[in-house]
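K.L.:
You'll find target.csv just under this line, and it carries CSV, C-alpha atoms and all ligand atoms.
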```
chain,number,residue,atom,x,y,z
A,591,MET,CA,7.4,38.3,-4.7
A,592,ALA,CA,6.5,34.6,-5.0
A,593,LYS,CA,4.0,33.2,-2.5
A,594,VAL,CA,4.2,29.8,-0.8
A,595,VAL,CA,1.3,28.5,1.3
A,596,ILE,CA,2.1,25.9,4.0
A,597,SER,CA,-0.5,23.8,5.8
A,598,HIS,CA,1.5,23.7,9.0
A,599,ARG,CA,4.7,25.4,10.1
A,600,LEU,CA,7.8,23.4,8.9
A,601,HIS,CA,10.9,22.6,11.0
A,602,ASP,CA,12.9,25.7,11.5
A,603,ASP,CA,15.5,24.6,9.0
A,604,GLY,CA,12.9,24.4,6.3
A,605,MET,CA,11.4,27.8,7.3
A,606,ALA,CA,15.0,29.3,7.1
A,607,VAL,CA,15.3,28.1,3.4
A,608,LEU,CA,12.0,29.9,2.5
A,609,GLU,CA,13.1,33.0,4.4
A,610,LYS,CA,16.5,33.1,2.7
A,611,ALA,CA,14.8,32.7,-0.7
A,612,GLY,CA,12.7,35.8,0.1
A,613,VAL,CA,9.3,34.3,-0.6
A,614,GLU,CA,6.1,35.3,1.1
A,615,VAL,CA,5.0,32.5,3.4
A,616,VAL,CA,1.4,32.0,4.5
A,617,ILE,CA,0.6,29.3,7.1
A,618,THR,CA,-3.0,28.1,7.1
A,619,ASN,CA,-2.7,25.7,10.0
A,620,SER,CA,-5.0,23.4,8.1
A,621,GLY,CA,-4.3,20.9,5.3
A,622,ASP,CA,-8.0,20.9,4.3
A,623,PRO,CA,-8.0,22.1,0.6
A,624,LYS,CA,-11.2,24.1,1.3
A,625,VAL,CA,-9.6,26.0,4.1
A,626,MET,CA,-6.4,26.5,2.1
A,627,LEU,CA,-8.1,27.6,-1.1
A,628,PRO,CA,-8.6,31.3,-0.5
A,629,GLU,CA,-4.8,31.6,0.1
A,630,LEU,CA,-3.9,29.2,-2.7
A,631,LYS,CA,-5.7,31.1,-5.4
A,632,ASP,CA,-2.8,33.4,-6.0
A,633,ALA,CA,0.0,31.2,-4.7
A,634,ASP,CA,3.0,30.0,-6.6
A,635,GLY,CA,3.7,27.0,-4.4
A,636,VAL,CA,2.1,24.9,-1.6
A,637,ILE,CA,3.8,22.7,1.0
A,638,ILE,CA,1.5,20.2,2.6
A,639,ARG,CA,2.7,18.7,5.9
A,640,ILE,CA,-0.6,17.2,6.9
A,641,GLY,CA,-3.6,17.4,4.5
A,642,SER,CA,-4.4,16.9,0.9
A,643,ILE,CA,-4.9,18.6,-2.4
A,644,ASP,CA,-7.3,17.5,-5.2
A,645,ARG,CA,-7.8,18.3,-8.8
A,646,GLU,CA,-10.6,20.7,-8.2
A,647,THR,CA,-8.4,22.8,-5.9
A,648,MET,CA,-5.5,22.8,-8.3
A,649,GLU,CA,-7.7,23.9,-11.2
A,650,GLN,CA,-8.7,27.0,-9.3
A,651,CYS,CA,-5.1,28.0,-8.7
A,652,PRO,CA,-3.8,29.3,-12.1
A,653,LYS,CA,-0.4,30.4,-10.7
A,654,LEU,CA,0.4,27.2,-8.8
A,655,LYS,CA,3.7,25.8,-10.0
A,656,VAL,CA,4.7,23.3,-7.4
A,657,ILE,CA,3.3,21.1,-4.6
A,658,GLY,CA,5.8,20.2,-1.9
A,659,ARG,CA,5.6,17.2,0.5
A,660,PRO,CA,8.1,17.0,3.4
A,661,GLY,CA,8.1,13.2,3.1
A,662,VAL,CA,7.6,10.6,0.4
A,663,GLY,CA,3.9,9.6,0.9
A,664,VAL,CA,1.8,11.2,-1.8
A,665,ASP,CA,-1.4,9.3,-1.4
A,666,ASP,CA,-3.2,12.5,-0.3
A,667,VAL,CA,-2.1,14.4,-3.4
A,668,ASP,CA,-3.9,13.9,-6.7
A,669,VAL,CA,-0.6,13.3,-8.6
A,670,GLU,CA,-2.3,12.4,-11.9
A,671,ALA,CA,-4.0,15.9,-11.9
A,672,ALA,CA,-0.8,17.6,-10.9
A,673,THR,CA,1.1,15.9,-13.7
A,674,GLU,CA,-1.6,16.8,-16.3
A,675,LEU,CA,-1.4,20.4,-15.1
A,676,GLY,CA,2.4,20.5,-15.3
A,677,ILE,CA,2.8,20.8,-11.5
A,678,PRO,CA,5.8,18.9,-10.2
A,679,VAL,CA,5.2,17.2,-6.8
A,680,VAL,CA,8.4,17.7,-4.8
A,681,ILE,CA,9.1,14.9,-2.3
A,682,ALA,CA,12.0,14.3,0.2
A,683,PRO,CA,13.2,10.8,-0.6
A,684,GLY,CA,15.6,9.2,1.9
A,685,ALA,CA,15.5,12.1,4.4
A,686,ASN,CA,13.5,10.3,7.0
A,687,SER,CA,14.3,6.7,6.0
A,688,ARG,CA,16.7,6.0,8.9
A,689,SER,CA,14.2,7.5,11.3
A,690,VAL,CA,11.4,5.2,10.1
A,691,ALA,CA,13.7,2.1,10.0
A,692,GLU,CA,14.8,2.7,13.6
A,693,HIS,CA,11.2,3.1,14.6
A,694,ALA,CA,10.3,-0.2,13.0
A,695,MET,CA,13.2,-1.8,14.8
A,696,ALA,CA,12.1,-0.3,18.1
A,697,MET,CA,8.6,-1.7,17.5
A,698,MET,CA,9.9,-5.1,16.7
A,699,PHE,CA,11.9,-5.2,20.0
A,700,ALA,CA,8.9,-3.8,22.0
A,701,CYS,CA,6.8,-6.6,20.6
A,702,ALA,CA,9.3,-9.4,20.9
A,703,LYS,CA,10.1,-8.4,24.4
A,704,ASP,CA,6.5,-8.0,25.5
A,705,MET,CA,7.4,-4.5,26.7
A,706,ILE,CA,4.0,-2.8,26.5
A,707,ARG,CA,2.2,-5.4,28.6
A,708,SER,CA,5.0,-5.8,31.0
A,709,ASP,CA,5.3,-2.1,31.7
A,710,LYS,CA,1.5,-1.8,32.2
A,711,GLU,CA,1.4,-4.9,34.6
A,712,MET,CA,4.4,-3.7,36.6
A,713,ARG,CA,2.7,-0.3,37.2
A,714,ASN,CA,-0.2,-2.3,38.6
A,715,GLY,CA,2.1,-4.2,41.0
A,716,ASN,CA,2.3,-7.4,39.0
A,717,PHE,CA,6.0,-8.2,39.2
A,718,GLY,CA,5.2,-11.8,38.5
A,719,ILE,CA,4.6,-10.9,34.8
A,720,ARG,CA,8.3,-11.5,34.4
A,721,SER,CA,7.5,-15.2,34.3
A,722,SER,CA,4.9,-15.2,31.6
A,723,TYR,CA,7.6,-16.1,29.0
A,724,LYS,CA,5.9,-14.2,26.3
A,725,ALA,CA,9.2,-12.5,25.3
A,726,TYR,CA,11.4,-14.1,22.8
A,727,GLU,CA,14.8,-13.5,21.2
A,728,LEU,CA,15.2,-12.1,17.7
A,729,GLY,CA,18.6,-13.5,16.9
A,730,GLY,CA,18.2,-16.3,14.4
A,731,LYS,CA,14.6,-15.4,13.7
A,732,THR,CA,13.3,-14.3,10.3
A,733,LEU,CA,12.3,-10.8,9.3
A,734,GLY,CA,10.0,-10.6,6.2
A,735,LEU,CA,9.9,-7.2,4.5
A,736,LEU,CA,7.0,-6.1,2.3
A,737,GLY,CA,8.7,-3.4,0.3
A,738,TYR,CA,12.4,-3.0,-0.1
A,739,GLY,CA,12.9,0.7,-0.9
A,740,HIS,CA,14.7,3.4,1.1
A,741,ILE,CA,13.3,2.3,4.5
A,742,GLY,CA,13.0,-1.5,3.9
A,743,SER,CA,16.6,-1.8,2.8
A,744,ILE,CA,17.9,0.1,5.9
A,745,PHE,CA,15.8,-2.0,8.2
A,746,ALA,CA,17.1,-5.1,6.5
A,747,GLY,CA,20.7,-4.1,7.3
A,748,MET,CA,19.8,-3.4,11.0
A,749,ALA,CA,18.0,-6.8,11.3
A,750,ALA,CA,20.9,-8.6,9.7
A,751,GLY,CA,23.2,-6.9,12.2
A,752,ILE,CA,21.4,-8.5,15.1
A,753,GLY,CA,21.6,-11.9,13.5
A,754,MET,CA,18.2,-12.1,11.8
A,755,LYS,CA,17.6,-13.8,8.5
A,756,VAL,CA,15.9,-11.4,6.1
A,757,LEU,CA,13.4,-12.1,3.4
A,758,VAL,CA,12.1,-9.6,0.9
A,759,TYR,CA,8.9,-9.3,-1.1
A,760,ASP,CA,9.0,-6.4,-3.6
A,761,PRO,CA,7.9,-7.1,-7.2
A,762,PHE,CA,9.6,-3.9,-8.4
A,763,ILE,CA,13.1,-4.9,-7.2
A,764,LYS,CA,15.3,-7.5,-8.9
A,765,ARG,CA,16.0,-10.8,-7.2
A,766,GLU,CA,19.7,-10.4,-7.8
A,767,ALA,CA,19.8,-7.0,-6.0
A,768,VAL,CA,18.3,-8.6,-2.9
A,769,GLU,CA,20.3,-11.8,-3.0
A,770,ALA,CA,23.6,-9.8,-3.5
A,771,GLN,CA,23.0,-8.4,0.0
A,772,GLY,CA,22.6,-12.0,1.4
A,773,TYR,CA,18.8,-11.8,1.8
A,774,GLY,CA,16.2,-14.1,0.5
A,775,TYR,CA,13.8,-13.0,-2.3
A,776,ARG,CA,10.3,-14.3,-2.5
A,777,GLU,CA,8.0,-13.8,-5.5
A,778,ASP,CA,4.9,-14.6,-3.5
A,779,MET,CA,4.0,-12.4,-0.5
A,780,HIS,CA,2.3,-15.5,1.0
A,781,ASP,CA,5.7,-17.2,1.4
A,782,ILE,CA,6.9,-14.2,3.4
A,783,LEU,CA,3.9,-14.4,5.7
A,784,LYS,CA,4.3,-18.1,6.3
A,785,GLU,CA,8.1,-18.1,6.8
A,786,SER,CA,8.7,-15.0,8.8
A,787,ASP,CA,8.6,-14.4,12.6
A,788,VAL,CA,8.3,-10.7,12.1
A,789,VAL,CA,6.6,-9.1,9.0
A,790,SER,CA,7.2,-5.4,8.5
A,791,ILE,CA,5.4,-3.3,5.9
A,792,HIS,CA,7.3,-0.7,3.9
A,793,THR,CA,5.3,-0.1,0.8
A,794,PRO,CA,3.4,3.0,-0.3
A,795,LEU,CA,-0.4,3.0,0.0
A,796,THR,CA,-1.7,2.3,-3.5
A,797,PRO,CA,-4.8,0.6,-4.9
A,798,GLN,CA,-2.7,-2.6,-4.9
A,799,THR,CA,-1.5,-2.4,-1.3
A,800,ARG,CA,-4.8,-1.1,0.2
A,801,ASN,CA,-5.9,-3.9,2.7
A,802,MET,CA,-3.0,-6.0,1.5
A,803,ILE,CA,-2.9,-7.6,4.9
A,804,GLY,CA,-6.4,-8.8,5.8
A,805,GLU,CA,-7.9,-11.8,7.6
A,806,ALA,CA,-6.5,-14.4,5.2
A,807,GLU,CA,-3.0,-13.0,5.3
A,808,LEU,CA,-3.0,-12.8,9.1
A,809,GLN,CA,-4.1,-16.4,9.2
A,810,MET,CA,-1.0,-17.3,7.2
A,811,MET,CA,1.3,-15.8,9.8
A,812,LYS,CA,3.0,-17.8,12.5
A,813,LYS,CA,1.2,-18.1,15.8
A,814,ASP,CA,4.2,-16.3,17.4
A,815,GLY,CA,4.4,-13.8,14.5
A,816,ILE,CA,4.7,-10.1,14.9
A,817,LEU,CA,3.3,-7.6,12.4
A,818,ILE,CA,4.8,-4.1,12.1
A,819,ASN,CA,3.3,-1.3,10.1
A,820,CYS,CA,5.2,2.0,9.9
A,821,ALA,CA,4.0,2.6,6.3
A,822,ARG,CA,0.4,3.8,6.0
A,823,GLY,CA,-2.9,3.1,7.6
A,824,GLY,CA,-5.2,1.3,5.1
A,825,ILE,CA,-2.5,-1.3,4.1
A,826,VAL,CA,-3.6,-3.4,7.1
A,827,ASP,CA,-7.3,-4.2,7.5
A,828,GLU,CA,-7.7,-2.9,11.1
A,829,ALA,CA,-10.8,-5.0,11.8
A,830,ALA,CA,-9.0,-8.1,10.8
A,831,LEU,CA,-6.0,-7.1,12.9
A,832,ASN,CA,-8.2,-6.6,15.9
A,833,LYS,CA,-9.8,-10.0,15.4
A,834,ALA,CA,-6.4,-11.7,15.1
A,835,LEU,CA,-5.2,-10.1,18.3
A,836,ASP,CA,-8.5,-10.9,20.1
A,837,GLU,CA,-8.1,-14.6,19.0
A,838,ASN,CA,-4.4,-14.7,19.9
A,839,ARG,CA,-3.6,-15.7,16.3
A,840,ILE,CA,-0.4,-13.7,16.3
A,841,HIS,CA,2.0,-12.8,19.1
A,842,SER,CA,1.7,-9.0,18.8
A,843,ALA,CA,1.7,-6.0,16.5
A,844,GLY,CA,3.2,-2.5,16.2
A,845,THR,CA,1.6,0.2,14.2
A,846,ASP,CA,2.6,3.8,13.7
A,847,VAL,CA,-0.2,4.5,11.3
A,848,VAL,CA,-4.0,4.0,11.2
A,849,VAL,CA,-6.7,4.7,8.7
A,850,HIS,CA,-8.2,7.6,10.7
A,851,GLU,CA,-5.6,10.0,12.1
A,852,PRO,CA,-5.6,11.3,14.8
A,853,ILE,CA,-7.0,8.0,16.2
A,854,ASP,CA,-10.0,8.0,18.5
A,855,PRO,CA,-8.8,7.0,22.1
A,856,ALA,CA,-11.9,4.7,22.2
A,857,ASP,CA,-10.6,2.8,19.1
A,858,PRO,CA,-10.8,-1.0,19.7
A,859,ILE,CA,-7.1,-1.2,18.8
A,860,PHE,CA,-6.4,0.0,22.4
A,861,HIS,CA,-8.2,-3.0,23.9
A,862,HIS,CA,-5.1,-5.1,23.3
A,863,ASP,CA,-2.0,-4.9,25.5
A,864,ASN,CA,0.1,-6.7,22.9
A,865,ILE,CA,0.1,-3.9,20.4
A,866,VAL,CA,2.3,-0.8,20.4
A,867,VAL,CA,0.7,2.2,18.8
A,868,THR,CA,2.5,5.5,18.0
A,869,PRO,CA,1.1,8.7,16.5
A,870,HIS,CA,2.5,8.6,12.9
A,871,MET,CA,5.9,9.7,14.4
A,872,ALA,CA,8.3,7.2,12.8
A,873,GLY,CA,9.7,9.9,10.6
A,874,GLN,CA,9.6,12.6,13.2
A,875,THR,CA,13.0,12.5,14.7
A,876,ARG,CA,14.7,15.8,15.0
A,877,GLU,CA,17.2,14.8,12.2
A,878,ALA,CA,14.4,13.6,9.9
A,879,ALA,CA,12.1,16.6,10.5
A,880,SER,CA,15.0,18.9,9.6
A,881,GLY,CA,16.0,16.9,6.5
A,882,VAL,CA,12.5,16.6,5.0
A,883,ALA,CA,11.6,20.2,5.6
A,884,THR,CA,14.8,21.4,4.1
A,885,LEU,CA,14.5,19.3,1.0
A,886,ALA,CA,10.8,20.2,0.5
A,887,ALA,CA,11.5,23.9,0.9
A,888,GLU,CA,14.6,23.8,-1.4
A,889,GLY,CA,12.7,21.9,-4.1
A,890,THR,CA,9.7,24.2,-3.8
A,891,VAL,CA,11.9,27.3,-4.2
A,892,ALA,CA,13.9,25.7,-7.1
A,893,VAL,CA,10.7,24.9,-9.1
A,894,ILE,CA,9.2,28.3,-8.5
A,895,ASN,CA,12.5,29.7,-9.9
A,896,GLY,CA,12.0,27.6,-13.1
A,897,GLN,CA,14.4,24.7,-12.2
A,898,LYS,CA,13.5,21.2,-13.1
A,899,TRP,CA,14.1,19.8,-9.6
A,900,ASP,CA,14.7,16.1,-9.8
A,901,LYS,CA,13.3,14.9,-6.4
A,902,VAL,CA,9.8,14.8,-7.7
A,903,CYS,CA,7.4,11.9,-7.8
A,904,ASN,CA,6.0,12.9,-11.2
A,905,PRO,CA,8.9,13.9,-13.6
A,906,LYS,CA,6.3,13.7,-16.4
A,907,ALA,CA,5.0,17.0,-15.2
A,908,TYR,CA,8.0,18.6,-17.0
A,909,ASP,CA,6.6,17.4,-20.3
A,910,HIS,CA,3.8,19.9,-20.0
A,911,LYS,CA,3.8,22.9,-22.3
A,912,ARG,CA,4.3,25.4,-19.4
A,913,TRP,CA,7.8,23.9,-19.1
A,914,ASN,CA,8.6,23.9,-22.8
A,915,LYS,CA,7.8,27.3,-24.1
A,1001,LIG,P1,10.3,3.8,-1.4
A,1001,LIG,O1,9.5,4.3,-2.5
A,1001,LIG,O2,11.8,4.0,-1.3
A,1001,LIG,O3,10.1,2.2,-1.2
A,1001,LIG,C1,8.8,1.6,-1.4
A,1001,LIG,C2,9.0,0.2,-1.9
A,1001,LIG,O4,7.7,-0.4,-1.9
A,1001,LIG,C3,9.5,0.2,-3.3
A,1001,LIG,O5,10.7,-0.5,-3.4
A,1001,LIG,C4,8.4,-0.4,-4.2
A,1001,LIG,O6,8.9,-1.2,-5.2
A,1001,LIG,C5,7.7,-1.2,-3.1
A,1001,LIG,N1,6.4,-1.5,-3.5
A,1001,LIG,C6,5.4,-0.8,-4.2
A,1001,LIG,N2,4.3,-1.5,-4.3
A,1001,LIG,C7,4.5,-2.7,-3.7
A,1001,LIG,C8,3.7,-3.8,-3.5
A,1001,LIG,N3,2.4,-3.9,-4.0
A,1001,LIG,N4,4.2,-4.9,-2.9
A,1001,LIG,C9,5.5,-4.9,-2.4
A,1001,LIG,N5,6.3,-3.8,-2.6
A,1001,LIG,C10,5.8,-2.7,-3.2
A,1001,LIG,O7,9.6,4.4,-0.1
A,1001,LIG,P2,10.2,4.4,1.4
A,1001,LIG,O8,10.9,5.7,1.6
A,1001,LIG,O9,10.9,3.2,1.7
A,1001,LIG,O10,8.9,4.5,2.2
A,1001,LIG,C11,7.9,3.5,2.2
A,1001,LIG,C12,6.6,4.0,2.8
A,1001,LIG,O11,6.8,4.3,4.1
A,1001,LIG,C13,6.2,5.3,2.1
A,1001,LIG,O12,5.4,5.1,0.9
A,1001,LIG,C14,5.3,5.9,3.1
A,1001,LIG,O13,3.9,5.6,2.9
A,1001,LIG,C15,5.8,5.3,4.4
A,1001,LIG,N6,6.4,6.3,5.3
A,1001,LIG,C16,5.9,6.4,6.6
A,1001,LIG,C17,6.5,7.3,7.5
A,1001,LIG,C18,6.0,7.4,8.9
A,1001,LIG,O14,6.2,8.4,9.6
A,1001,LIG,N7,5.3,6.4,9.4
A,1001,LIG,C19,7.6,8.1,7.1
A,1001,LIG,C20,8.1,7.9,5.8
A,1001,LIG,C21,7.5,7.0,4.9
```
In structure tokens, what does this structure look like?
Ligand code: NAD
P.N.:
Amino acid sequence: MAKVVISHRLHDDGMAVLEKAGVEVVITNSGDPKVMLPELKDADGVIIRIGSIDRETMEQCPKLKVIGRPGVGVDDVDVEAATELGIPVVIAPGANSRSVAEHAMAMMFACAKDMIRSDKEMRNGNFGIRSSYKAYELGGKTLGLLGYGHIGSIFAGMAAGIGMKVLVYDPFIKREAVEAQGYGYREDMHDILKESDVVSIHTPLTPQTRNMIGEAELQMMKKDGILINCARGGIVDEAALNKALDENRIHSAGTDVVVHEPIDPADPIFHHDNIVVTPHMAGQTREAASGVATLAAEGTVAVINGQKWDKVCNPKAYDHKRWNK
């Protein structure tokens, strides 16, 4: 019987796929590779909900055939090592895109309508906060998207639907594809920062995007600009964001992700009442949780059964000799 190790229990729909496939499932309740290792040593597959896996761990697991991620972020998986070892990394593209795009939209509204501060003030008896005129309308304003993949493109459609102009910066997407949707294409990210009322990040975390938004970039934003990050902590330099909020250099911000998760309640980010912070939950709607768990489980089982599953982030893994005997 094949054995699959899971860092944390999946949504019931994903667990049902594994059960139906008749695999042995071990849940470690930790995504720390050191904690998972004793179980991983004789495992055929691993699904990491929260946690990481490095080369050293993979090399100690001779039976390991597949790594599953119920999502698309693979920054915590050593994909290069997996590819060299012939281990496909199964992802769940698109399954939580709508969920994240709606979350970014909700954050954009919360910021533009000054909802966090107003709610807090109201609870303290300050009804007069209604006349602070911090809230503004989004219709006719410009949304600048950094990253135009699954999530960015859905958010673009939603924003256009409420009458926003949409600009896109994504060097890996063709200008024509963006312009065909009626959106503006910018080759230089700085133009997005300068022209947009709302800037929303939808790129992966890579060496190129780490600290992509720092002090200089925040300086380029409009004084009434809103910054949304539902992508990954580490793309925005948090110290620079805190400084920009302290100095009222932007209107407000929304972030679903931070560098160190779970975040310390004493983190300076909470000193501001014009930032909305959520616990990496943009992709955690019921629908998305079911979708990603199902896809990750189906892909994991398929690879264990010798199928070249196509929803992987490293198809080159299939060039390895273990796949071509
Ligand atoms: P995707 O791969 O479909 O799209 C990412 C886009 O970013 C691609 O079009 C790519 O060309 C672009 N890109 C890559 N490097 C870039 C750069 N340096 N500058 C500008 N654009 C760049 O991924 P997606 O499904 O849209 O997800 C985007 C990111 O959102 C994921 O990588 C993940 O980190 C994050 N995410 C977060 C949550 C959450 O719960 N908060 C859930 C799902 C995904």
K.L.:
Between A:Ser708, A:Thr875, A:Thr673, A:Asn686, which residue has the minimum interatomic distance to ligand LIG 1001 (chain A), considering all atoms listed in the file?
P.N.:
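Of A:Ser708, A:Thr875, A:Thr673, A:Asn686, the one nearest ligand LIG 1001 (chain A) is A:Asn686, counting all atoms listed in the file.
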K.L.:
Using Å and a single decimal, report how far CA of Gly621 (chain A) sits from CA of His598 (chain A).
P.N.:
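Separation between CA of His598 (chain A) and CA of Gly621 (chain A): 7.4 Å.
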K.L.:
For ligand LIG 1001 (chain A), list the contacting residues at 7 Å or closer, counting all atoms listed in the file, as an NGL selection string.
P.N.:
:A and (661-663 or 683-684 or 686-687 or 690 or 736-742 or 759-763 or 792-795 or 798-799 or 820-822 or 846-847 or 870-874)
K.L.:
Could you give me, as JSON lines, a per-residue list for region 849-899 of chain A showing, wherever an atom lies at most 10 Å from an atom of region 644-658 of chain A, the closest pair of atoms and their distance in Å to one decimal, using only C-alpha atoms and sorting by chain then residue number from low to high?
P.N.:
```
{"residue": "A:Ala883", "atom": "CA", "partner": "A:Gly658", "partner_atom": "CA", "distance": 9.5}
{"residue": "A:Leu885", "atom": "CA", "partner": "A:Gly658", "partner_atom": "CA", "distance": 9.2}
{"residue": "A:Ala886", "atom": "CA", "partner": "A:Gly658", "partner_atom": "CA", "distance": 5.5}
{"residue": "A:Ala887", "atom": "CA", "partner": "A:Gly658", "partner_atom": "CA", "distance": 7.3}
{"residue": "A:Glu888", "atom": "CA", "partner": "A:Gly658", "partner_atom": "CA", "distance": 9.5}
{"residue": "A:Gly889", "atom": "CA", "partner": "A:Gly658", "partner_atom": "CA", "distance": 7.4}
{"residue": "A:Thr890", "atom": "CA", "partner": "A:Gly658", "partner_atom": "CA", "distance": 5.9}
{"residue": "A:Val891", "atom": "CA", "partner": "A:Val656", "partner_atom": "CA", "distance": 8.8}
{"residue": "A:Ala892", "atom": "CA", "partner": "A:Val656", "partner_atom": "CA", "distance": 9.5}
{"residue": "A:Val893", "atom": "CA", "partner": "A:Val656", "partner_atom": "CA", "distance": 6.4}
{"residue": "A:Ile894", "atom": "CA", "partner": "A:Lys655", "partner_atom": "CA", "distance": 6.2}
{"residue": "A:Asn895", "atom": "CA", "partner": "A:Lys655", "partner_atom": "CA", "distance": 9.6}
{"residue": "A:Gly896", "atom": "CA", "partner": "A:Lys655", "partner_atom": "CA", "distance": 9.0}
```
K.L.:
So which residues touch Ala725 (chain A) within 8 Å, counting only C-alpha atoms, skipping near sequence neighbours fewer than 4 positions away, as a PyMOL selection string?
P.N.:
chain A and resi 701-704
K.L.:
Identify, on the basis of only C-alpha atoms, every residue whose closest approach to Thr884 (chain A) does not exceed 7 Å; exclude the query and any residue fewer than 6 positions from it along the same chain; express the result as number ranges by chain.
P.N.:
A: 603-604, 607
K.L.:
Which residue is closest to Arg639 (chain A)? Choose from A:Ile859, A:Met779, A:Ala879, A:Val615 and count only C-alpha atoms.
P.N.:
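Ranked by minimum distance to Arg639 (chain A), first place goes to A:Ala879.
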K.L.:
Would you mind reading off the distance between CA of Ser689 (chain A) and CA of Glu807 (chain A), one decimal, in Å?
P.N.:
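Interatomic distance, CA of Ser689 (chain A) to CA of Glu807 (chain A): 27.4 Å.
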